[in-house]
file query36.csv (CSV, C-alpha atoms)
chain,number,residue,atom,x,y,z
A,1117,MET,CA,4.5,6.8,-28.2
A,1118,ASN,CA,2.7,7.2,-24.8
A,1119,PHE,CA,-0.7,5.6,-24.4
A,1120,LYS,CA,-3.4,5.3,-21.7
A,1121,VAL,CA,-4.3,2.2,-19.7
A,1122,PRO,CA,-7.3,1.7,-17.4
A,1123,VAL,CA,-6.5,0.4,-13.9
A,1124,GLY,CA,-7.8,-3.0,-12.6
A,1125,ILE,CA,-7.2,-3.6,-8.9
A,1126,SER,CA,-6.7,-7.2,-7.8
A,1127,ASN,CA,-7.8,-7.9,-4.2
A,1128,ARG,CA,-6.4,-11.0,-2.6
A,1129,HIS,CA,-7.6,-14.1,-4.4
A,1130,VAL,CA,-6.8,-17.8,-5.3
A,1131,HIS,CA,-6.7,-19.9,-8.4
A,1132,LEU,CA,-7.2,-23.6,-8.0
A,1133,THR,CA,-6.4,-26.8,-9.9
A,1134,GLN,CA,-9.3,-29.2,-10.5
A,1135,GLU,CA,-7.7,-31.5,-7.9
A,1136,VAL,CA,-7.6,-29.0,-5.1
A,1137,TYR,CA,-11.0,-27.7,-6.1
A,1138,ASN,CA,-12.4,-31.2,-5.5
A,1139,GLN,CA,-10.6,-31.4,-2.1
A,1140,LEU,CA,-12.2,-28.1,-1.0
A,1141,PHE,CA,-15.7,-28.1,-2.5
A,1142,ASP,CA,-18.5,-30.4,-3.2
A,1143,GLU,CA,-20.7,-27.9,-5.0
A,1144,GLU,CA,-20.3,-26.5,-8.6
A,1145,TRP,CA,-19.1,-23.0,-8.6
A,1146,GLU,CA,-21.3,-20.2,-10.1
A,1147,LYS,CA,-20.0,-17.3,-12.1
A,1148,VAL,CA,-20.6,-14.1,-10.1
A,1149,LYS,CA,-18.9,-11.7,-12.6
A,1150,ASP,CA,-16.9,-11.9,-15.8
A,1151,LEU,CA,-13.5,-10.3,-15.3
A,1152,LYS,CA,-12.1,-8.0,-18.0
A,1153,GLN,CA,-9.6,-10.7,-19.2
A,1154,THR,CA,-11.5,-13.0,-21.6
A,1155,GLY,CA,-12.7,-16.3,-19.9
A,1156,GLU,CA,-11.6,-15.3,-16.4
A,1157,PHE,CA,-14.4,-14.9,-13.8
A,1158,ALA,CA,-15.1,-14.3,-10.1
A,1159,SER,CA,-16.8,-17.3,-8.6
A,1160,ASN,CA,-19.2,-17.5,-5.7
A,1161,LEU,CA,-16.7,-19.6,-3.7
A,1162,PHE,CA,-14.4,-18.5,-0.8
A,1163,VAL,CA,-11.6,-20.1,1.1
A,1164,THR,CA,-9.7,-19.2,4.3
A,1165,ILE,CA,-6.0,-18.8,3.9
A,1166,GLU,CA,-3.9,-20.0,6.9
A,1167,GLY,CA,-0.3,-19.2,7.6
A,1168,PRO,CA,2.0,-19.8,10.5
A,1169,ASN,CA,1.0,-16.5,12.3
A,1170,GLY,CA,-2.6,-16.0,11.3
A,1171,SER,CA,-5.4,-16.5,8.8
A,1172,ILE,CA,-7.5,-14.5,6.4
A,1173,PRO,CA,-11.1,-15.6,5.9
A,1174,HIS,CA,-13.4,-15.1,2.9
A,1175,VAL,CA,-10.9,-15.0,0.1
A,1176,ARG,CA,-12.5,-15.3,-3.3
A,1177,VAL,CA,-11.8,-18.2,-5.7
A,1178,LEU,CA,-11.3,-17.1,-9.4
A,1179,GLY,CA,-12.1,-19.3,-12.3
A,1180,PRO,CA,-11.5,-21.2,-14.5
A,1181,VAL,CA,-9.3,-23.9,-12.9
A,1182,ARG,CA,-5.6,-23.7,-13.8
A,1183,LYS,CA,-2.7,-26.1,-14.0
A,1184,TYR,CA,-1.3,-24.7,-10.8
A,1185,VAL,CA,-2.7,-23.4,-7.5
A,1186,GLN,CA,-1.8,-19.7,-7.0
A,1187,VAL,CA,-2.6,-17.6,-4.0
A,1188,GLU,CA,-2.1,-13.9,-4.6
A,1189,VAL,CA,-2.0,-11.7,-1.5
A,1190,SER,CA,-0.8,-8.2,-0.5
A,1191,ALA,CA,2.3,-7.4,1.5
A,1192,MET,CA,-0.1,-6.5,4.4
A,1193,ASP,CA,-1.8,-9.9,4.1
A,1194,ALA,CA,1.6,-11.7,4.0
A,1195,HIS,CA,2.4,-10.0,7.3
A,1196,THR,CA,-0.9,-11.2,8.8
A,1197,LEU,CA,-0.2,-14.7,7.6
A,1198,GLY,CA,3.4,-14.7,8.7
A,1199,VAL,CA,4.8,-15.7,5.3
A,1200,ASN,CA,7.3,-14.0,3.0
A,1201,PRO,CA,6.1,-14.5,-0.6
A,1202,PRO,CA,8.3,-13.4,-3.5
A,1203,VAL,CA,7.1,-10.9,-6.1
A,1204,ARG,CA,6.3,-12.9,-9.2
A,1205,LYS,CA,4.5,-13.2,-12.5
A,1206,SER,CA,1.5,-15.5,-12.7
A,1207,GLY,CA,2.6,-19.2,-12.9
A,1208,ASP,CA,6.3,-18.5,-12.0
A,1209,LEU,CA,6.0,-20.3,-8.7
A,1210,ALA,CA,9.3,-22.0,-7.9
A,1211,GLY,CA,10.2,-21.0,-4.4
A,1212,ALA,CA,6.9,-19.4,-3.7
A,1213,GLU,CA,5.4,-19.6,-0.2
A,1214,THR,CA,3.4,-22.4,1.4
A,1215,VAL,CA,0.0,-21.7,2.9
A,1216,THR,CA,-3.0,-23.8,3.8
A,1217,LEU,CA,-6.5,-23.3,2.2
A,1218,VAL,CA,-9.4,-24.2,4.3
A,1219,THR,CA,-13.2,-24.7,3.7
A,1220,ASP,CA,-16.0,-26.5,5.5
A,1221,LYS,CA,-15.1,-29.6,3.5
A,1222,GLY,CA,-11.4,-29.8,3.9
A,1223,ARG,CA,-7.9,-28.3,4.3
A,1224,VAL,CA,-5.1,-28.4,1.7
A,1225,GLU,CA,-1.5,-27.3,2.2
A,1226,VAL,CA,-0.4,-25.8,-1.0
A,1227,LYS,CA,3.3,-25.6,-1.5
A,1228,GLU,CA,5.1,-23.0,-3.8
A,1229,ALA,CA,1.7,-21.3,-4.3
A,1230,CYS,CA,1.7,-17.9,-2.5
A,1231,ILE,CA,3.1,-14.8,-4.2
A,1232,LEU,CA,2.8,-11.0,-4.4
A,1233,ALA,CA,1.8,-10.3,-8.0
A,1234,GLU,CA,4.1,-8.3,-10.2
A,1235,CYS,CA,2.1,-5.4,-11.7
A,1236,HIS,CA,1.6,-5.8,-15.4
A,1237,ILE,CA,-0.3,-4.5,-18.4
A,1238,HIS,CA,-2.6,-7.0,-20.2
A,1239,MET,CA,-3.0,-6.4,-23.9
A,1240,SER,CA,-3.7,-8.2,-27.2
A,1241,MET,CA,-1.1,-9.1,-29.9
A,1242,GLU,CA,-2.6,-6.3,-32.0
A,1243,ASP,CA,-2.1,-3.8,-29.1
A,1244,LEU,CA,1.6,-4.6,-29.2
A,1245,GLU,CA,1.8,-3.2,-32.7
A,1246,THR,CA,-0.6,-0.4,-32.0
A,1247,TYR,CA,1.4,0.9,-29.1
A,1248,GLY,CA,4.9,-0.1,-30.3
A,1249,VAL,CA,5.8,-2.2,-27.4
A,1250,SER,CA,7.0,-5.9,-27.1
A,1251,ASN,CA,5.8,-8.7,-24.8
A,1252,GLU,CA,7.5,-8.6,-21.4
A,1253,GLN,CA,8.9,-5.1,-22.1
A,1254,VAL,CA,9.0,-3.0,-18.9
A,1255,VAL,CA,7.3,0.4,-19.2
A,1256,ARG,CA,6.7,3.3,-16.8
A,1257,VAL,CA,3.1,3.9,-15.7
A,1258,HIS,CA,2.8,7.5,-14.5
A,1259,VAL,CA,0.3,8.2,-11.7
A,1260,LYS,CA,-0.5,11.9,-11.5
A,1261,GLY,CA,-2.2,13.8,-8.6
A,1262,LYS,CA,-1.4,14.3,-4.9
A,1263,ARG,CA,0.3,10.9,-4.7
A,1264,GLU,CA,2.4,11.3,-7.8
A,1265,GLY,CA,4.6,8.4,-8.7
A,1266,ILE,CA,5.7,5.9,-11.4
A,1267,LEU,CA,5.2,2.2,-11.3
A,1268,PHE,CA,7.4,0.0,-13.5
A,1269,ALA,CA,5.2,-2.7,-15.2
A,1270,HIS,CA,5.8,-5.4,-17.7
A,1271,ILE,CA,3.7,-6.0,-20.8
A,1272,LYS,CA,1.7,-9.2,-20.8
A,1273,ALA,CA,0.3,-9.9,-24.3
A,1274,SER,CA,-2.0,-12.7,-25.2
A,1275,GLU,CA,-4.4,-13.6,-28.0
A,1276,ASN,CA,-7.4,-12.6,-26.1
A,1277,GLY,CA,-5.8,-10.0,-23.9
A,1278,VAL,CA,-7.8,-6.9,-23.0
A,1279,LEU,CA,-5.9,-3.6,-22.3
A,1280,GLU,CA,-5.8,-3.3,-18.5
A,1281,PHE,CA,-3.1,-2.4,-15.9
A,1282,HIS,CA,-3.2,-4.9,-13.0
A,1283,VAL,CA,-2.1,-3.7,-9.6
A,1284,ASP,CA,-2.7,-5.2,-6.1
A,1285,ARG,CA,-4.4,-3.6,-3.2
A,1286,ASP,CA,-1.2,-2.2,-1.7
A,1287,GLU,CA,-0.2,-0.4,-4.9
A,1288,ALA,CA,-3.7,0.9,-5.3
A,1289,ASN,CA,-3.7,2.3,-1.7
A,1290,ALA,CA,-0.3,3.8,-2.0
A,1291,MET,CA,-1.1,5.6,-5.3
A,1292,LEU,CA,-4.8,6.2,-4.4
A,1293,LEU,CA,-5.9,4.4,-7.6
A,1294,SER,CA,-9.5,3.6,-8.6
A,1295,ASN,CA,-10.8,0.8,-10.8
A,1296,GLY,CA,-11.1,2.0,-14.4
A,1297,GLU,CA,-9.0,5.1,-13.9
A,1298,GLU,CA,-6.8,5.9,-16.9
A,1299,LEU,CA,-3.1,6.2,-16.4
A,1300,GLU,CA,-0.4,7.3,-18.9
A,1301,VAL,CA,2.2,4.8,-20.0
A,1302,GLU,CA,5.6,6.3,-20.8
A,1303,VAL,CA,7.4,4.2,-23.4
B,1163,MET,CA,23.4,15.6,-8.2
B,1164,ASN,CA,21.8,12.4,-7.1
B,1165,PHE,CA,22.0,11.4,-3.4
B,1166,LYS,CA,20.9,8.7,-1.0
B,1167,VAL,CA,18.2,8.9,1.7
B,1168,PRO,CA,17.3,6.4,4.4
B,1169,VAL,CA,13.6,5.3,4.6
B,1170,GLY,CA,11.5,6.0,7.7
B,1171,ILE,CA,8.1,4.3,7.7
B,1172,SER,CA,5.3,6.1,9.6
B,1173,ASN,CA,2.7,3.8,10.9
B,1174,ARG,CA,-0.7,5.4,11.8
B,1175,HIS,CA,-0.3,7.8,14.7
B,1176,VAL,CA,-1.7,11.0,16.3
B,1177,HIS,CA,-0.3,14.3,17.5
B,1178,LEU,CA,-2.2,16.1,20.2
B,1179,THR,CA,-2.6,19.6,21.6
B,1180,GLN,CA,-2.1,20.1,25.3
B,1181,GLU,CA,-5.9,20.7,25.6
B,1182,VAL,CA,-6.9,17.4,23.9
B,1183,TYR,CA,-4.1,15.6,25.8
B,1184,ASN,CA,-5.7,16.7,29.0
B,1185,GLN,CA,-9.2,15.6,27.9
B,1186,LEU,CA,-7.9,12.1,27.0
B,1187,PHE,CA,-5.3,11.3,29.7
B,1188,ASP,CA,-4.7,11.9,33.4
B,1189,GLU,CA,-1.2,10.4,33.5
B,1190,GLU,CA,2.0,12.0,32.3
B,1191,TRP,CA,3.3,10.3,29.2
B,1192,GLU,CA,6.7,8.6,29.1
B,1193,LYS,CA,9.1,8.6,26.2
B,1194,VAL,CA,9.4,5.1,24.7
B,1195,LYS,CA,11.8,6.0,21.9
B,1196,ASP,CA,13.3,9.1,20.4
B,1197,LEU,CA,12.4,9.4,16.7
B,1198,LYS,CA,15.1,10.4,14.2
B,1199,GLN,CA,13.8,14.0,13.9
B,1200,THR,CA,15.2,16.0,16.8
B,1201,GLY,CA,12.8,16.4,19.7
B,1202,GLU,CA,10.1,14.0,18.4
B,1203,PHE,CA,9.4,10.9,20.3
B,1204,ALA,CA,7.1,7.9,20.5
B,1205,SER,CA,5.1,8.0,23.8
B,1206,ASN,CA,3.7,5.1,25.9
B,1207,LEU,CA,0.1,6.4,25.3
B,1208,PHE,CA,-2.5,5.0,22.8
B,1209,VAL,CA,-5.9,6.1,21.6
B,1210,THR,CA,-8.7,4.4,19.6
B,1211,ILE,CA,-9.7,6.3,16.4
B,1212,GLU,CA,-13.4,6.1,15.6
B,1213,GLY,CA,-15.0,6.9,12.3
B,1214,PRO,CA,-18.5,6.6,10.9
B,1215,ASN,CA,-17.9,3.0,9.7
B,1216,GLY,CA,-15.5,1.5,12.2
B,1217,SER,CA,-12.7,2.1,14.7
B,1218,ILE,CA,-8.9,1.4,15.0
B,1219,PRO,CA,-7.6,0.6,18.5
B,1220,HIS,CA,-4.1,1.0,19.9
B,1221,VAL,CA,-2.9,4.0,17.8
B,1222,ARG,CA,0.3,5.5,19.3
B,1223,VAL,CA,0.5,9.1,20.4
B,1224,LEU,CA,3.7,10.9,19.4
B,1225,GLY,CA,5.2,13.8,21.3
B,1226,PRO,CA,5.8,16.6,22.0
B,1227,VAL,CA,2.3,18.3,22.0
B,1228,ARG,CA,1.7,20.5,19.0
B,1229,LYS,CA,-0.5,23.5,18.2
B,1230,TYR,CA,-2.9,21.3,16.3
B,1231,VAL,CA,-4.3,17.8,16.6
B,1232,GLN,CA,-3.2,15.7,13.6
B,1233,VAL,CA,-4.3,12.1,12.9
B,1234,GLU,CA,-2.2,10.4,10.3
B,1235,VAL,CA,-3.7,7.2,8.8
B,1236,SER,CA,-3.2,5.0,5.7
B,1237,ALA,CA,-5.7,4.7,2.9
B,1238,MET,CA,-6.5,1.2,4.2
B,1239,ASP,CA,-7.2,2.7,7.6
B,1240,ALA,CA,-9.4,5.5,6.1
B,1241,HIS,CA,-11.5,2.8,4.4
B,1242,THR,CA,-11.9,1.0,7.8
B,1243,LEU,CA,-12.9,4.2,9.5
B,1244,GLY,CA,-15.2,5.3,6.6
B,1245,VAL,CA,-13.5,8.7,6.1
B,1246,ASN,CA,-12.0,10.3,3.1
B,1247,PRO,CA,-8.9,12.2,4.3
B,1248,PRO,CA,-7.0,14.4,1.9
B,1249,VAL,CA,-3.3,13.9,1.1
B,1250,ARG,CA,-1.5,16.7,3.0
B,1251,LYS,CA,1.7,18.1,4.5
B,1252,SER,CA,1.9,18.2,8.3
B,1253,GLY,CA,-0.2,21.1,9.7
B,1254,ASP,CA,-2.0,21.9,6.5
B,1255,LEU,CA,-5.4,20.8,7.9
B,1256,ALA,CA,-8.1,23.0,6.3
B,1257,GLY,CA,-10.7,20.6,5.0
B,1258,ALA,CA,-9.1,17.6,6.7
B,1259,GLU,CA,-11.4,14.8,8.0
B,1260,THR,CA,-13.2,14.6,11.3
B,1261,VAL,CA,-12.7,11.6,13.6
B,1262,THR,CA,-13.1,10.8,17.3
B,1263,LEU,CA,-10.3,9.9,19.6
B,1264,VAL,CA,-11.2,7.7,22.6
B,1265,THR,CA,-9.5,6.6,25.8
B,1266,ASP,CA,-10.7,5.2,29.1
B,1267,LYS,CA,-10.9,8.8,30.3
B,1268,GLY,CA,-12.8,10.5,27.5
B,1269,ARG,CA,-13.7,10.9,23.9
B,1270,VAL,CA,-13.0,14.0,21.8
B,1271,GLU,CA,-14.2,14.7,18.3
B,1272,VAL,CA,-11.4,16.3,16.4
B,1273,LYS,CA,-12.4,18.3,13.3
B,1274,GLU,CA,-10.1,19.0,10.4
B,1275,ALA,CA,-7.5,16.6,11.9
B,1276,CYS,CA,-7.3,13.4,9.9
B,1277,ILE,CA,-5.0,13.2,6.8
B,1278,LEU,CA,-3.0,10.9,4.6
B,1279,ALA,CA,0.6,12.2,4.9
B,1280,GLU,CA,2.4,13.4,1.8
B,1281,CYS,CA,5.7,11.6,1.5
B,1282,HIS,CA,8.6,14.0,2.2
B,1283,ILE,CA,12.3,14.1,2.8
B,1284,HIS,CA,13.5,15.7,6.1
B,1285,MET,CA,16.8,17.4,6.0
B,1286,SER,CA,18.8,20.3,7.6
B,1287,MET,CA,19.4,23.7,6.1
B,1288,GLU,CA,23.0,22.6,5.5
B,1289,ASP,CA,21.8,19.6,3.6
B,1290,LEU,CA,20.0,21.9,1.2
B,1291,GLU,CA,23.3,23.3,0.1
B,1292,THR,CA,25.1,19.9,0.2
B,1293,TYR,CA,22.6,18.3,-2.1
B,1294,GLY,CA,21.7,21.3,-4.2
B,1295,VAL,CA,18.0,21.3,-3.6
B,1296,SER,CA,15.6,23.9,-2.2
B,1297,ASN,CA,12.9,23.6,0.5
B,1298,GLU,CA,9.6,22.3,-0.8
B,1299,GLN,CA,11.2,21.2,-4.1
B,1300,VAL,CA,9.7,18.0,-5.5
B,1301,VAL,CA,12.3,15.3,-6.2
B,1302,ARG,CA,12.0,11.7,-7.5
B,1303,VAL,CA,12.9,8.9,-5.1
B,1304,HIS,CA,13.8,5.8,-7.1
B,1305,VAL,CA,13.0,2.4,-5.6
B,1306,LYS,CA,14.9,-0.5,-7.2
B,1307,GLY,CA,14.2,-4.2,-7.0
B,1308,LYS,CA,11.3,-6.4,-7.9
B,1309,ARG,CA,8.8,-3.7,-7.1
B,1310,GLU,CA,10.5,-0.9,-9.0
B,1311,GLY,CA,9.0,2.5,-9.0
B,1312,ILE,CA,9.5,6.2,-8.3
B,1313,LEU,CA,7.8,8.2,-5.6
B,1314,PHE,CA,7.6,12.0,-5.9
B,1315,ALA,CA,8.5,13.6,-2.6
B,1316,HIS,CA,8.9,17.2,-1.4
B,1317,ILE,CA,11.9,18.4,0.5
B,1318,LYS,CA,11.1,19.5,4.1
B,1319,ALA,CA,14.1,21.4,5.5
B,1320,SER,CA,14.4,22.6,9.1
B,1321,GLU,CA,17.1,23.8,11.5
B,1322,ASN,CA,17.3,20.5,13.2
B,1323,GLY,CA,16.1,18.3,10.4
B,1324,VAL,CA,17.8,14.9,10.0
B,1325,LEU,CA,18.0,13.3,6.5
B,1326,GLU,CA,15.2,10.8,6.3
B,1327,PHE,CA,12.5,9.9,3.7
B,1328,HIS,CA,9.1,9.6,5.4
B,1329,VAL,CA,6.5,7.3,3.8
B,1330,ASP,CA,3.4,5.7,5.2
B,1331,ARG,CA,2.5,2.1,5.6
B,1332,ASP,CA,0.7,1.8,2.2
B,1333,GLU,CA,3.7,3.2,0.3
B,1334,ALA,CA,6.1,1.0,2.2
B,1335,ASN,CA,3.9,-2.1,1.4
B,1336,ALA,CA,3.5,-1.2,-2.2
B,1337,MET,CA,7.2,-0.7,-2.8
B,1338,LEU,CA,8.3,-3.3,-0.2
B,1339,LEU,CA,10.4,-0.8,1.7
B,1340,SER,CA,12.2,-1.4,5.0
B,1341,ASN,CA,13.1,1.1,7.7
B,1342,GLY,CA,16.7,2.4,7.2
B,1343,GLU,CA,16.9,1.2,3.6
B,1344,GLU,CA,18.7,3.7,1.4
B,1345,LEU,CA,17.1,4.9,-1.7
B,1346,GLU,CA,18.4,7.1,-4.5
B,1347,VAL,CA,17.0,10.6,-5.0
B,1348,GLU,CA,17.1,11.8,-8.6
B,1349,VAL,CA,17.3,15.5,-8.8
call {"tool": "encode", "arguments": {"input": "query36.csv", "output": "structure tokens"}}
result
Amino acid sequence: MNFKVPVGISNRHVHLTQEVYNQLFDEEWEKVKDLKQTGEFASNLFVTIEGPNGSIPHVRVLGPVRKYVQVEVSAMDAHTLGVNPPVRKSGDLAGAETVTLVTDKGRVEVKEACILAECHIHMSMEDLETYGVSNEQVVRVHVKGKREGILFAHIKASENGVLEFHVDRDEANAMLLSNGEELEVEV
Amino acid sequence: MNFKVPVGISNRHVHLTQEVYNQLFDEEWEKVKDLKQTGEFASNLFVTIEGPNGSIPHVRVLGPVRKYVQVEVSAMDAHTLGVNPPVRKSGDLAGAETVTLVTDKGRVEVKEACILAECHIHMSMEDLETYGVSNEQVVRVHVKGKREGILFAHIKASENGVLEFHVDRDEANAMLLSNGEELEVEV
């Protein structure tokens, strides 16, 4: 059964461990905005990402802290930095790229941290039954309009998951997607 | 019958009329590189594109001159410039965006000139028969790999057309395409 998913566009961002957080910041972060996925939030903190060929300032830190540092960039960003990150799911970081995170307080080289995010559809366990799909299943998301195309996305189900199709900035630009726009999933 | 097409990535560029060429340059252009499509070439000349919100320097002029000025940018570029160009085929410019082209010699506002290019497959008239497709037909180009997806592209046949799938920088980034890479067309 086909179903609709709203688009959520992820700009470049970083997730920190408590340890790296402490190396980069003295202040407590503040929550600027709750993200759609339960518990996740945009903080008021920013870092500069440095790579061998260049740097990108003003990259937002998302919360809460995680068990791993993860730096999610676009293919364009990777070119700017001079790194070659693999396309990965969150937390699958073996062989990911090394970059350096910089703030006024400090600089931390983070190894196996930088990836291009694989596009995916968040949903709850109940949604799996409702839509007749299984966790990690790959489905086709059909983008209509003048830039018609199909993105292959995997299902990412969790207890508190909220239905949302996560793409990065390159995918959003290529397909001219807007936040909240509803796309059809072909199962 | 499915067939293979090599990818050609178009970075941002401009095509000029003889009149606008003369307003922007005193010198004769030189051919830096022949493009794959017969007669088309990358010149040694560059312009700055200006929009209401920003500008993009060092944008290459392609030759030969055409009967219309056409400024082809990515969605990211459009955001930088502060314009909202439509997705169009070459030469279909009614309602296209206005930008200003600037060189040391002069500045020219070009109306109905700026577009996002519709991805397309160049081929010869003979190729139409070989592959069993018709001019302007929309086909599916299947990108395999970690960023799997399908781009819908129209066929653009011409006497001297050379088989090539033209995408812009956003599409290449989103699908992690390389110049010359062969993709499968599903007819």
call {"tool": "closest_atom_pairs", "arguments": {"input": "query36.csv", "of": "chain B", "to": "chain A", "cutoff": "12 Å", "atoms": "only C-alpha atoms", "output": "Markdown table"}}
result
| residue | atom | partner | partner_atom | distance |
| --- | --- | --- | --- | --- |
| B:Val1235 | CA | A:Asn1289 | CA | 11.6 |
| B:Ser1236 | CA | A:Asn1289 | CA | 7.9 |
| B:Ala1237 | CA | A:Asn1289 | CA | 5.6 |
| B:Met1238 | CA | A:Asn1289 | CA | 6.6 |
| B:Asp1239 | CA | A:Asn1289 | CA | 9.9 |
| B:Ala1240 | CA | A:Asn1289 | CA | 10.2 |
| B:His1241 | CA | A:Asn1289 | CA | 9.9 |
| B:Asn1246 | CA | A:Leu1292 | CA | 11.2 |
| B:Pro1247 | CA | A:Leu1292 | CA | 11.3 |
| B:Pro1248 | CA | A:Lys1262 | CA | 8.8 |
| B:Val1249 | CA | A:Lys1262 | CA | 6.3 |
| B:Arg1250 | CA | A:Lys1262 | CA | 8.3 |
| B:Lys1251 | CA | A:Lys1262 | CA | 10.6 |
| B:Leu1278 | CA | A:Arg1263 | CA | 9.9 |
| B:Ala1279 | CA | A:Arg1263 | CA | 9.7 |
| B:Glu1280 | CA | A:Arg1263 | CA | 7.3 |
| B:Cys1281 | CA | A:Arg1263 | CA | 8.3 |
| B:His1282 | CA | A:Arg1263 | CA | 11.2 |
| B:Val1300 | CA | A:Glu1264 | CA | 10.2 |
| B:Val1301 | CA | A:Gly1265 | CA | 10.6 |
| B:Arg1302 | CA | A:Gly1265 | CA | 8.2 |
| B:Val1303 | CA | A:Gly1265 | CA | 9.1 |
| B:His1304 | CA | A:Ile1266 | CA | 9.2 |
| B:Val1305 | CA | A:Leu1267 | CA | 9.7 |
| B:Lys1306 | CA | A:Phe1268 | CA | 9.8 |
| B:Gly1307 | CA | A:Val1203 | CA | 9.8 |
| B:Lys1308 | CA | A:Val1203 | CA | 6.4 |
| B:Arg1309 | CA | A:Glu1234 | CA | 7.3 |
| B:Glu1310 | CA | A:Phe1268 | CA | 5.5 |
| B:Gly1311 | CA | A:Leu1267 | CA | 4.5 |
| B:Ile1312 | CA | A:Ile1266 | CA | 4.9 |
| B:Leu1313 | CA | A:Gly1265 | CA | 4.5 |
| B:Phe1314 | CA | A:Gly1265 | CA | 5.5 |
| B:Ala1315 | CA | A:Glu1264 | CA | 8.3 |
| B:His1316 | CA | A:Glu1264 | CA | 10.9 |
| B:Val1329 | CA | A:Ala1290 | CA | 9.6 |
| B:Asp1330 | CA | A:Ala1290 | CA | 8.3 |
| B:Arg1331 | CA | A:Ala1290 | CA | 8.3 |
| B:Asp1332 | CA | A:Ala1290 | CA | 4.8 |
| B:Glu1333 | CA | A:Ala1290 | CA | 4.7 |
| B:Ala1334 | CA | A:Ala1290 | CA | 8.2 |
| B:Asn1335 | CA | A:Ala1191 | CA | 5.5 |
| B:Ala1336 | CA | A:Glu1287 | CA | 4.6 |
| B:Met1337 | CA | A:Glu1287 | CA | 7.7 |
| B:Leu1338 | CA | A:Ala1191 | CA | 7.5 |
| B:Leu1339 | CA | A:Ala1191 | CA | 10.5 |
call {"tool": "residues_around", "arguments": {"input": "query36.csv", "residues": "B:Gly1213", "least_positions_apart": "6", "cutoff": "8 Å", "atoms": "only C-alpha atoms", "output": "PyMOL selection string"}}
result
chain B and resi 1243-1245+1260-1262
call {"tool": "residues_around", "arguments": {"input": "query36.csv", "residues": "B:Glu1189", "least_positions_apart": "2", "cutoff": "12 Å", "atoms": "all atoms listed in the file", "output": "list in words"}}
result
Tyr1183, Asn1184, Gln1185, Leu1186, Phe1187, Trp1191, Glu1192, Ser1205, Asn1206, Leu1207, Thr1265, Asp1266 and Lys1267 of chain B
call {"tool": "residues_around", "arguments": {"input": "query36.csv", "residues": "A:Lys1152", "least_positions_apart": "4", "cutoff": "12 Å", "atoms": "only C-alpha atoms", "output": "MDAnalysis selection string"}}
result
chainID A and resid 1122:1126 1156:1158 1238:1239 1276:1282 1295:1296
call {"tool": "closest_residue", "arguments": {"input": "query36.csv", "among": "A:Leu1151, A:Ile1172, A:Val1218, A:Val1181", "to": "A:Leu1132", "atoms": "all atoms listed in the file"}}
result
A:Val1181
call {"tool": "atom_distance", "arguments": {"input": "query36.csv", "atom1": "atom CA of B:Thr1210", "atom2": "atom CA of B:Leu1263"}}
result
5.7 Å
call {"tool": "residues_around", "arguments": {"input": "query36.csv", "residues": "A:Gly1248", "least_positions_apart": "4", "cutoff": "9 Å", "atoms": "all atoms listed in the file", "output": "list in words"}}
result
Met1117, Asp1243, Leu1244 and Val1303 of chain A
call {"tool": "write_last_selection", "arguments": {"input": "query36.csv", "atoms": "C-alpha atoms", "output": "PDB file, in the coordinates of the input"}}
result
ATOM      1  CA  MET A1117       4.500   6.800 -28.200  1.00  0.00           C
ATOM      2  CA  ASP A1243      -2.100  -3.800 -29.100  1.00  0.00           C
ATOM      3  CA  LEU A1244       1.600  -4.600 -29.200  1.00  0.00           C
ATOM      4  CA  VAL A1303       7.400   4.200 -23.400  1.00  0.00           C
TER       5      VAL A1303
END
call {"tool": "atom_distance", "arguments": {"input": "query36.csv", "atom1": "atom CA of A:Gln1253", "atom2": "atom CA of A:Lys1272"}}
result
8.4 Å
call {"tool": "closest_residue", "arguments": {"input": "query36.csv", "among": "B:Glu1190, B:Glu1288, B:Glu1234, B:Glu1321", "to": "B:Ala1258", "atoms": "only C-alpha atoms"}}
result
B:Glu1234
call {"tool": "atom_distance", "arguments": {"input": "query36.csv", "atom1": "atom CA of B:Glu1344", "atom2": "atom CA of B:Ser1252"}}
result
23.2 Å
call {"tool": "closest_residue", "arguments": {"input": "query36.csv", "among": "A:Asp1208, A:Arg1128, A:Asp1142, A:Asp1150", "to": "A:Val1177", "atoms": "all atoms listed in the file"}}
result
A:Arg1128
call {"tool": "closest_residue", "arguments": {"input": "query36.csv", "among": "A:Ala1210, A:Leu1178, A:Ile1271, A:Val1121", "to": "A:Ile1237", "atoms": "only C-alpha atoms"}}
result
A:Ile1271
